[in-house]
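Q: What follows is input.txt; its format and atoms are compact mmCIF, C-alpha atoms and all ligand atoms.
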```txt
# COMPACT_ATOMS: atom_id res chain seq x y z
CA MET A 1 -63.53 -51.32 44.20
CA GLU A 2 -65.10 -48.46 42.31
CA SER A 3 -63.01 -49.29 39.26
CA PHE A 4 -63.91 -53.00 39.55
CA ASP A 5 -67.60 -52.02 39.48
CA ALA A 6 -67.01 -49.90 36.39
CA LEU A 7 -65.17 -52.82 34.78
CA THR A 8 -68.02 -55.16 35.61
CA SER A 9 -70.69 -52.96 34.06
CA LEU A 10 -68.61 -52.47 30.91
CA VAL A 11 -68.14 -56.24 30.43
CA ALA A 12 -71.76 -56.99 31.36
CA GLY A 13 -72.77 -54.85 28.38
CA GLY A 14 -71.26 -57.45 26.01
CA GLY A 15 -69.60 -56.87 22.63
CA VAL A 16 -66.19 -56.90 24.31
CA VAL A 17 -62.94 -57.36 22.40
CA VAL A 18 -60.03 -58.49 24.57
CA LEU A 19 -56.43 -57.52 23.89
CA SER A 20 -54.12 -59.66 26.03
CA GLY A 21 -50.41 -59.51 26.72
CA ALA A 22 -47.61 -61.19 28.62
CA GLY A 23 -49.02 -60.28 32.05
CA LEU A 24 -51.84 -62.77 31.51
CA SER A 25 -49.38 -65.64 31.16
CA THR A 26 -46.97 -64.85 34.00
CA GLU A 27 -49.14 -66.88 36.39
CA SER A 28 -48.61 -69.82 34.03
CA GLY A 29 -44.88 -69.51 34.65
CA ILE A 30 -44.01 -67.72 31.42
CA PRO A 31 -41.74 -64.76 32.20
CA ASP A 32 -42.98 -61.24 31.42
CA TYR A 33 -39.96 -59.26 30.45
CA ARG A 34 -41.73 -55.92 30.64
CA GLY A 35 -43.97 -56.35 33.67
CA PRO A 36 -43.17 -55.47 37.27
CA SER A 37 -40.92 -58.49 37.72
CA GLY A 38 -39.11 -58.05 34.45
CA VAL A 39 -37.59 -54.61 34.85
CA ALA A 40 -34.08 -55.99 34.71
CA ARG A 41 -34.51 -57.54 31.31
CA ARG A 42 -31.65 -59.95 30.95
CA HIS A 43 -31.69 -60.40 27.24
CA THR A 44 -32.42 -57.93 24.49
CA PRO A 45 -35.03 -59.40 22.17
CA MET A 46 -33.91 -60.99 18.95
CA THR A 47 -34.54 -58.83 15.91
CA PHE A 48 -35.51 -60.27 12.55
CA GLN A 49 -32.47 -58.64 10.96
CA ALA A 50 -30.01 -60.20 13.42
CA PHE A 51 -31.73 -63.58 13.17
CA THR A 52 -31.59 -63.74 9.38
CA ARG A 53 -28.22 -62.07 8.79
CA ASP A 54 -26.03 -63.15 11.68
CA PRO A 55 -25.34 -66.90 11.88
CA LEU A 56 -23.91 -66.59 15.39
CA ALA A 57 -26.97 -64.70 16.68
CA ARG A 58 -29.17 -67.35 15.08
CA ARG A 59 -27.20 -70.18 16.66
CA ARG A 60 -27.44 -68.44 20.06
CA TYR A 61 -31.19 -67.98 19.60
CA TRP A 62 -31.79 -71.67 18.85
CA ALA A 63 -29.52 -72.82 21.66
CA ARG A 64 -31.40 -70.68 24.22
CA SER A 65 -34.74 -71.47 22.68
CA HIS A 66 -34.04 -75.20 22.74
CA LEU A 67 -33.64 -74.91 26.51
CA GLY A 68 -36.65 -72.60 26.97
CA TRP A 69 -39.05 -74.66 24.87
CA ARG A 70 -39.59 -77.18 27.65
CA LEU A 71 -40.96 -74.36 29.83
CA ILE A 72 -43.38 -73.16 27.12
CA ALA A 73 -44.47 -76.66 26.11
CA GLY A 74 -45.17 -77.56 29.74
CA ALA A 75 -47.12 -74.39 30.58
CA ALA A 76 -50.84 -74.69 31.34
CA PRO A 77 -53.54 -71.99 31.14
CA ASN A 78 -54.30 -70.23 34.43
CA ALA A 79 -57.49 -68.92 36.05
CA GLY A 80 -57.24 -65.71 34.00
CA HIS A 81 -57.23 -67.56 30.65
CA ARG A 82 -60.12 -69.73 31.80
CA ALA A 83 -62.15 -66.70 32.87
CA VAL A 84 -61.65 -65.12 29.43
CA ALA A 85 -62.86 -68.36 27.80
CA ALA A 86 -65.89 -68.38 30.10
CA LEU A 87 -66.72 -64.79 29.13
CA GLN A 88 -66.52 -65.80 25.46
CA HIS A 89 -68.78 -68.80 25.96
CA ALA A 90 -71.23 -66.57 27.85
CA GLY A 91 -71.41 -64.37 24.75
CA LEU A 92 -69.95 -61.28 26.40
CA VAL A 93 -66.52 -61.36 24.73
CA ASP A 94 -66.61 -61.62 20.93
CA THR A 95 -62.95 -61.82 20.00
CA VAL A 96 -59.64 -62.24 21.77
CA ILE A 97 -56.61 -60.57 20.23
CA THR A 98 -53.45 -61.76 21.94
CA GLN A 99 -49.87 -60.56 21.79
CA ASN A 100 -48.82 -63.82 23.42
CA VAL A 101 -47.29 -66.62 21.39
CA ASP A 102 -47.87 -69.39 23.95
CA GLY A 103 -51.23 -70.70 22.68
CA LEU A 104 -52.71 -70.65 26.20
CA HIS A 105 -56.01 -68.93 25.26
CA GLY A 106 -56.80 -71.80 22.91
CA ALA A 107 -55.71 -74.33 25.53
CA ALA A 108 -58.14 -72.72 27.98
CA GLY A 109 -61.03 -73.22 25.52
CA SER A 110 -61.27 -69.79 23.90
CA PRO A 111 -63.08 -70.34 20.60
CA SER A 112 -62.01 -67.22 18.73
CA VAL A 113 -58.45 -65.95 19.10
CA ILE A 114 -56.37 -63.79 16.78
CA GLU A 115 -52.73 -64.51 17.57
CA LEU A 116 -51.25 -61.16 16.61
CA HIS A 117 -47.61 -62.19 16.96
CA GLY A 118 -47.96 -65.80 15.84
CA ARG A 119 -47.36 -69.03 17.74
CA LEU A 120 -44.22 -70.45 19.21
CA ASP A 121 -45.37 -74.02 18.65
CA GLU A 122 -45.08 -73.65 14.89
CA VAL A 123 -41.97 -73.21 12.79
CA THR A 124 -41.79 -71.68 9.34
CA CYS A 125 -39.22 -72.19 6.60
CA LEU A 126 -38.07 -68.86 5.17
CA ASP A 127 -37.32 -70.54 1.82
CA CYS A 128 -40.16 -72.98 1.04
CA GLY A 129 -42.72 -71.43 3.41
CA ASN A 130 -43.83 -74.73 4.92
CA LEU A 131 -45.13 -74.69 8.49
CA THR A 132 -44.07 -77.54 10.72
CA SER A 133 -44.50 -78.27 14.40
CA ARG A 134 -42.08 -77.09 17.03
CA GLU A 135 -42.40 -80.44 18.76
CA GLU A 136 -40.96 -82.09 15.64
CA LEU A 137 -38.15 -79.50 15.48
CA HIS A 138 -37.43 -80.04 19.16
CA ARG A 139 -36.98 -83.74 18.49
CA ARG A 140 -34.60 -83.02 15.58
CA LEU A 141 -32.59 -80.49 17.63
CA ALA A 142 -32.33 -82.94 20.52
CA GLU A 143 -31.03 -85.58 18.10
CA ALA A 144 -28.47 -83.18 16.64
CA ASN A 145 -27.37 -82.07 20.13
CA PRO A 146 -27.64 -85.16 22.31
CA ASP A 147 -25.75 -83.92 25.39
CA PHE A 148 -26.54 -80.22 25.19
CA VAL A 149 -29.33 -79.91 27.78
CA ALA A 150 -27.52 -82.01 30.36
CA ARG A 151 -24.28 -80.08 29.85
CA VAL A 152 -25.94 -76.69 30.31
CA ALA A 153 -28.10 -77.82 33.23
CA ALA A 154 -24.95 -78.87 35.03
CA VAL A 155 -23.68 -75.27 35.12
CA ASN A 156 -26.98 -73.36 35.04
CA PRO A 157 -29.85 -75.21 36.71
CA ASP A 158 -32.38 -72.35 36.46
CA GLY A 159 -32.76 -72.72 32.71
CA ASP A 160 -32.87 -68.99 31.92
CA VAL A 161 -29.25 -68.80 31.13
CA ASP A 162 -26.58 -66.57 29.78
CA LEU A 163 -25.04 -69.29 27.69
CA PRO A 164 -21.27 -69.29 27.61
CA ASP A 165 -19.89 -68.78 24.09
CA GLU A 166 -18.35 -72.23 23.98
CA GLN A 167 -21.76 -73.81 24.66
CA VAL A 168 -23.31 -71.76 21.86
CA ALA A 169 -20.46 -72.65 19.50
CA ALA A 170 -21.07 -76.33 20.17
CA PHE A 171 -24.82 -76.10 19.42
CA ARG A 172 -25.88 -77.38 16.00
CA PRO A 173 -29.07 -75.80 14.58
CA VAL A 174 -30.90 -77.71 11.85
CA ASP A 175 -32.38 -76.61 8.50
CA CYS A 176 -35.85 -77.22 7.07
CA GLY A 177 -36.73 -80.92 7.03
CA ILE A 178 -38.93 -80.48 3.94
CA CYS A 179 -36.83 -78.56 1.38
CA GLY A 180 -33.62 -79.64 3.10
CA THR A 181 -31.76 -76.30 3.08
CA GLY A 182 -34.18 -73.53 4.09
CA MET A 183 -33.62 -71.37 7.16
CA LEU A 184 -36.09 -72.16 9.94
CA LYS A 185 -37.69 -69.51 12.11
CA PRO A 186 -40.31 -69.82 14.84
CA ASP A 187 -43.62 -68.62 13.37
CA VAL A 188 -43.68 -65.55 15.59
CA VAL A 189 -43.26 -61.89 14.75
CA PHE A 190 -39.80 -60.77 15.83
CA PHE A 191 -38.86 -57.21 16.67
CA GLY A 192 -38.10 -55.42 13.40
CA GLU A 193 -40.68 -57.52 11.57
CA THR A 194 -44.23 -56.46 10.71
CA VAL A 195 -47.41 -58.34 11.54
CA PRO A 196 -49.02 -59.72 8.36
CA PRO A 197 -51.39 -56.95 7.09
CA GLN A 198 -54.43 -59.25 6.80
CA ARG A 199 -54.08 -60.20 10.46
CA VAL A 200 -53.90 -56.53 11.46
CA SER A 201 -57.01 -55.79 9.36
CA ARG A 202 -58.95 -58.52 11.15
CA CYS A 203 -57.99 -56.95 14.48
CA PHE A 204 -59.01 -53.45 13.40
CA ALA A 205 -62.31 -54.83 12.09
CA ALA A 206 -63.00 -56.56 15.42
CA VAL A 207 -62.09 -53.45 17.43
CA GLY A 208 -64.19 -51.24 15.15
CA GLN A 209 -67.29 -53.34 15.89
CA ALA A 210 -66.64 -53.65 19.62
CA ARG A 211 -68.77 -52.10 22.32
CA SER A 212 -65.67 -51.96 24.51
CA LEU A 213 -62.00 -52.93 24.41
CA LEU A 214 -60.59 -54.78 27.41
CA VAL A 215 -56.79 -54.83 27.75
CA LEU A 216 -55.48 -57.64 29.96
CA GLY A 217 -51.88 -57.83 31.15
CA SER A 218 -50.16 -55.63 28.62
CA SER A 219 -48.06 -52.57 29.35
CA LEU A 220 -48.84 -51.51 25.75
CA THR A 221 -45.19 -50.68 25.23
CA VAL A 222 -45.11 -51.60 21.57
CA MET A 223 -47.25 -49.93 18.93
CA SER A 224 -48.23 -53.35 17.58
CA GLY A 225 -50.83 -53.61 20.37
CA ARG A 226 -51.19 -49.98 21.45
CA ARG A 227 -52.59 -48.95 18.04
CA PHE A 228 -55.82 -50.83 18.80
CA VAL A 229 -56.28 -48.86 22.01
CA ILE A 230 -55.67 -45.61 20.16
CA ARG A 231 -58.15 -46.61 17.44
CA ALA A 232 -60.83 -47.54 19.99
CA ALA A 233 -60.37 -44.27 21.88
CA LYS A 234 -60.60 -42.29 18.63
CA GLN A 235 -63.89 -44.00 17.78
CA GLY A 236 -65.30 -43.33 21.23
CA ILE A 237 -65.22 -47.03 22.20
CA PRO A 238 -64.57 -47.33 25.96
CA VAL A 239 -61.25 -48.91 26.91
CA ALA A 240 -60.72 -50.81 30.18
CA ILE A 241 -57.25 -51.90 31.28
CA VAL A 242 -56.45 -54.58 33.86
CA ASN A 243 -52.72 -54.74 34.46
CA GLN A 244 -50.17 -54.79 37.23
CA GLY A 245 -48.51 -51.40 37.02
CA PRO A 246 -49.10 -48.44 34.71
CA THR A 247 -49.41 -48.85 30.94
CA ARG A 248 -48.83 -46.59 27.98
CA GLY A 249 -52.55 -46.74 27.23
CA ASP A 250 -53.78 -45.44 30.58
CA GLY A 251 -54.43 -41.99 29.09
CA HIS A 252 -56.95 -43.54 26.69
CA ALA A 253 -58.70 -45.72 29.26
CA THR A 254 -62.02 -45.07 30.96
CA VAL A 255 -61.27 -47.74 33.59
CA CYS A 256 -57.91 -48.95 34.97
CA VAL A 257 -57.63 -51.81 37.44
CA ASP A 258 -54.17 -52.46 38.87
CA ALA A 259 -54.34 -56.04 40.19
CA PRO A 260 -53.25 -59.61 39.48
CA LEU A 261 -55.27 -61.02 36.57
CA GLY A 262 -55.61 -64.51 38.01
CA ALA A 263 -57.57 -63.00 40.92
CA VAL A 264 -59.58 -60.27 39.15
CA LEU A 265 -60.78 -62.15 36.06
CA PRO A 266 -62.51 -65.08 37.80
CA GLN A 267 -64.28 -62.53 40.07
CA LEU A 268 -65.30 -60.55 37.02
CA ALA A 269 -66.61 -63.67 35.24
CA ALA A 270 -68.59 -64.68 38.33
CA ARG A 271 -70.03 -61.19 38.77
CA VAL A 272 -71.34 -60.97 35.21
CA GLY A 273 -72.82 -64.45 35.42
CA ALA A 274 -70.36 -66.19 33.12
CA GLY A 275 -70.49 -69.12 35.54
CA ALA A 276 -67.71 -71.42 36.58
CA PRO A 277 -64.70 -70.97 34.34
CA LEU A 278 -64.17 -73.85 31.92
CA GLY A 279 -61.61 -76.55 32.38
CA VAL A 280 -61.23 -76.21 36.14
ZN ZN B 301 -38.06 -75.41 3.57
```
Using the file provided, produce a representation of the structure as structure tokens.

A:
Amino acid sequence: MESFDALTSLVAGGGVVVLSGAGLSTESGIPDYRGPSGVARRHTPMTFQAFTRDPLARRRYWARSHLGWRLIAGAAPNAGHRAVAALQHAGLVDTVITQNVDGLHGAAGSPSVIELHGRLDEVTCLDCGNLTSREELHRRLAEANPDFVARVAAVNPDGDVDLPDEQVAAFRPVDCGICGTGMLKPDVVFFGETVPPQRVSRCFAAVGQARSLLVLGSSLTVMSGRRFVIRAAKQGIPVAIVNQGPTRGDGHATVCVDAPLGAVLPQLAARVGAGAPLGV
């Protein structure tokens, strides 16, 4: 309770920059592979090097991703996302930096979001550079693999599957629909890939001007997000962390709240007078 009060007074002071991670989206049904429920990570993340150099790894990625896309496309923002949007509209949160690629901050009505690791609903061509929609790619993949989903669902109804090799071998990925031959990649930052420098600069600029940095649902495992916490701490900007379980930024934080975000954030928004969260 003491830490919730400290959190409240920090946010009530305004000028907050939010850094959000996977823990904010778990209540929307998107699995958090590093949070408390994701200890037994079932799949090692795809690296950029494997994706671009290994045709079999790429085929496996698209086969799994074709199944998983329905889950992402069907996900809706939860009370935590809506509370963040309400805090922005109340003028207390200036900028949201998110490590999530699900687009749920925008869907909840957040006006200013820097999507650090890109968006899963866009696809880029590594040859011609054109961005196209994932929905369009999904349609093309479904056309190229008419029986795939039904075949896999028959053996693996939970969707998060270890695809048998013969299923992967039968999956047919497609190339860029614009230049005709380019390799397609979801417009997200893979492991082994760097975030575009301009995007990182925007984040550092936002953090540098913040009155406080509020971390929501990130274990801060990767440096990509943790560097903003380190920068804030170095500049004497208070850092508050709301997460389930410890994080690698706890040593830099002035306040840590270990609780489910969907419960804490609406309470926080109400307490600082940000009113009823939007879109309820
Ligand atoms: Zn292309």

Q: Residues within 12 Å of ligand ZN 301 (chain B) (only C-alpha atoms and all ligand atoms), as a PyMOL selection string?

A: chain A and resi 123-132+174-185

Q: Near Ala169 in chain A, counting only C-alpha atoms, which residues have an atom at most 10 Å away, once you skip same-chain residues fewer than 5 positions from it, shown as a list in words?

A: Leu56, Arg59, Arg60, Ala63, Leu163 and Pro164 of chain A

Q: Using all atoms listed in the file, collect all residues at a distance of at most 12 Å from (-22.2, -67.2, 18.8) as written in the file, then present them as an NGL selection string.

A: :A and (50-51 or 54-64 or 162-173)

Q: Write the residues of the selection above to a file with C-alpha atoms, as a PDB file, in the coordinates of the input.

A:
```pdb
ATOM      1  CA  ALA A  50     -30.010 -60.200  13.420  1.00  0.00           C
ATOM      2  CA  PHE A  51     -31.730 -63.580  13.170  1.00  0.00           C
ATOM      3  CA  ASP A  54     -26.030 -63.150  11.680  1.00  0.00           C
ATOM      4  CA  PRO A  55     -25.340 -66.900  11.880  1.00  0.00           C
ATOM      5  CA  LEU A  56     -23.910 -66.590  15.390  1.00  0.00           C
ATOM      6  CA  ALA A  57     -26.970 -64.700  16.680  1.00  0.00           C
ATOM      7  CA  ARG A  58     -29.170 -67.350  15.080  1.00  0.00           C
ATOM      8  CA  ARG A  59     -27.200 -70.180  16.660  1.00  0.00           C
ATOM      9  CA  ARG A  60     -27.440 -68.440  20.060  1.00  0.00           C
ATOM     10  CA  TYR A  61     -31.190 -67.980  19.600  1.00  0.00           C
ATOM     11  CA  TRP A  62     -31.790 -71.670  18.850  1.00  0.00           C
ATOM     12  CA  ALA A  63     -29.520 -72.820  21.660  1.00  0.00           C
ATOM     13  CA  ARG A  64     -31.400 -70.680  24.220  1.00  0.00           C
ATOM     14  CA  ASP A 162     -26.580 -66.570  29.780  1.00  0.00           C
ATOM     15  CA  LEU A 163     -25.040 -69.290  27.690  1.00  0.00           C
ATOM     16  CA  PRO A 164     -21.270 -69.290  27.610  1.00  0.00           C
ATOM     17  CA  ASP A 165     -19.890 -68.780  24.090  1.00  0.00           C
ATOM     18  CA  GLU A 166     -18.350 -72.230  23.980  1.00  0.00           C
ATOM     19  CA  GLN A 167     -21.760 -73.810  24.660  1.00  0.00           C
ATOM     20  CA  VAL A 168     -23.310 -71.760  21.860  1.00  0.00           C
ATOM     21  CA  ALA A 169     -20.460 -72.650  19.500  1.00  0.00           C
ATOM     22  CA  ALA A 170     -21.070 -76.330  20.170  1.00  0.00           C
ATOM     23  CA  PHE A 171     -24.820 -76.100  19.420  1.00  0.00           C
ATOM     24  CA  ARG A 172     -25.880 -77.380  16.000  1.00  0.00           C
ATOM     25  CA  PRO A 173     -29.070 -75.800  14.580  1.00  0.00           C
TER      26      PRO A 173
END
```

Q: Between A:Ala90, A:Ala206, A:Ala6, A:Leu265, which has the minimum distance to Ile114 in chain A (counting all atoms listed in the file)?

A: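 Checking each candidate against Ile114 in chain A, we get A:Ala206 as the closest.
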
Q: Around (-68.6, -61.1, 40.1) in the file's own coordinates, what residues are found within 12 Å if you use all atoms listed in the file, given back as a list in words?

A: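 All residues meeting the 12 Å criterion around (-68.6, -61.1, 40.1) are Met1, Phe4, Asp5, Ala6, Leu7, Thr8, Ser9, Val11, Ala12, Ala83, Leu87, Ala263, Val264, Leu265, Pro266, Gln267, Leu268, Ala269, Ala270, Arg271, Val272, Gly273, Ala274, Gly275 and Ala276 of chain A.
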
Q: Listing only residues of range 108-151 of chain A within 12 Å of range 94-104 of chain A, what is the closest atom pair and its distance in Å (to one decimal) for each, using all atoms listed in the file, sorted by chain and residue number ascending, as CSV?

A:
```
residue,atom,partner,partner_atom,distance
A:Ala108,CA,A:Leu104,CA,6.1
A:Gly109,CA,A:Leu104,CA,8.7
A:Ser110,CA,A:Val96,CA,8.0
A:Pro111,CA,A:Thr95,CA,8.5
A:Ser112,CA,A:Thr95,CA,5.6
A:Val113,CA,A:Val96,CA,4.7
A:Ile114,CA,A:Ile97,CA,4.7
A:Glu115,CA,A:Thr98,CA,5.2
A:Leu116,CA,A:Gln99,CA,5.4
A:His117,CA,A:Gln99,CA,5.6
A:Gly118,CA,A:Val101,CA,5.7
A:Arg119,CA,A:Val101,CA,4.4
A:Leu120,CA,A:Val101,CA,5.4
A:Asp121,CA,A:Asp102,CA,7.5
A:Glu122,CA,A:Val101,CA,9.8
A:Arg134,CA,A:Asp102,CA,11.9
```

Q: Have a look at A:Val149, A:Cys256, A:Val16, A:Ala107 and name the one nearest to Gly91 in chain A; count all atoms listed in the file.

A: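 Using all atoms listed in the file, the shortest distance to Gly91 in chain A belongs to A:Val16.
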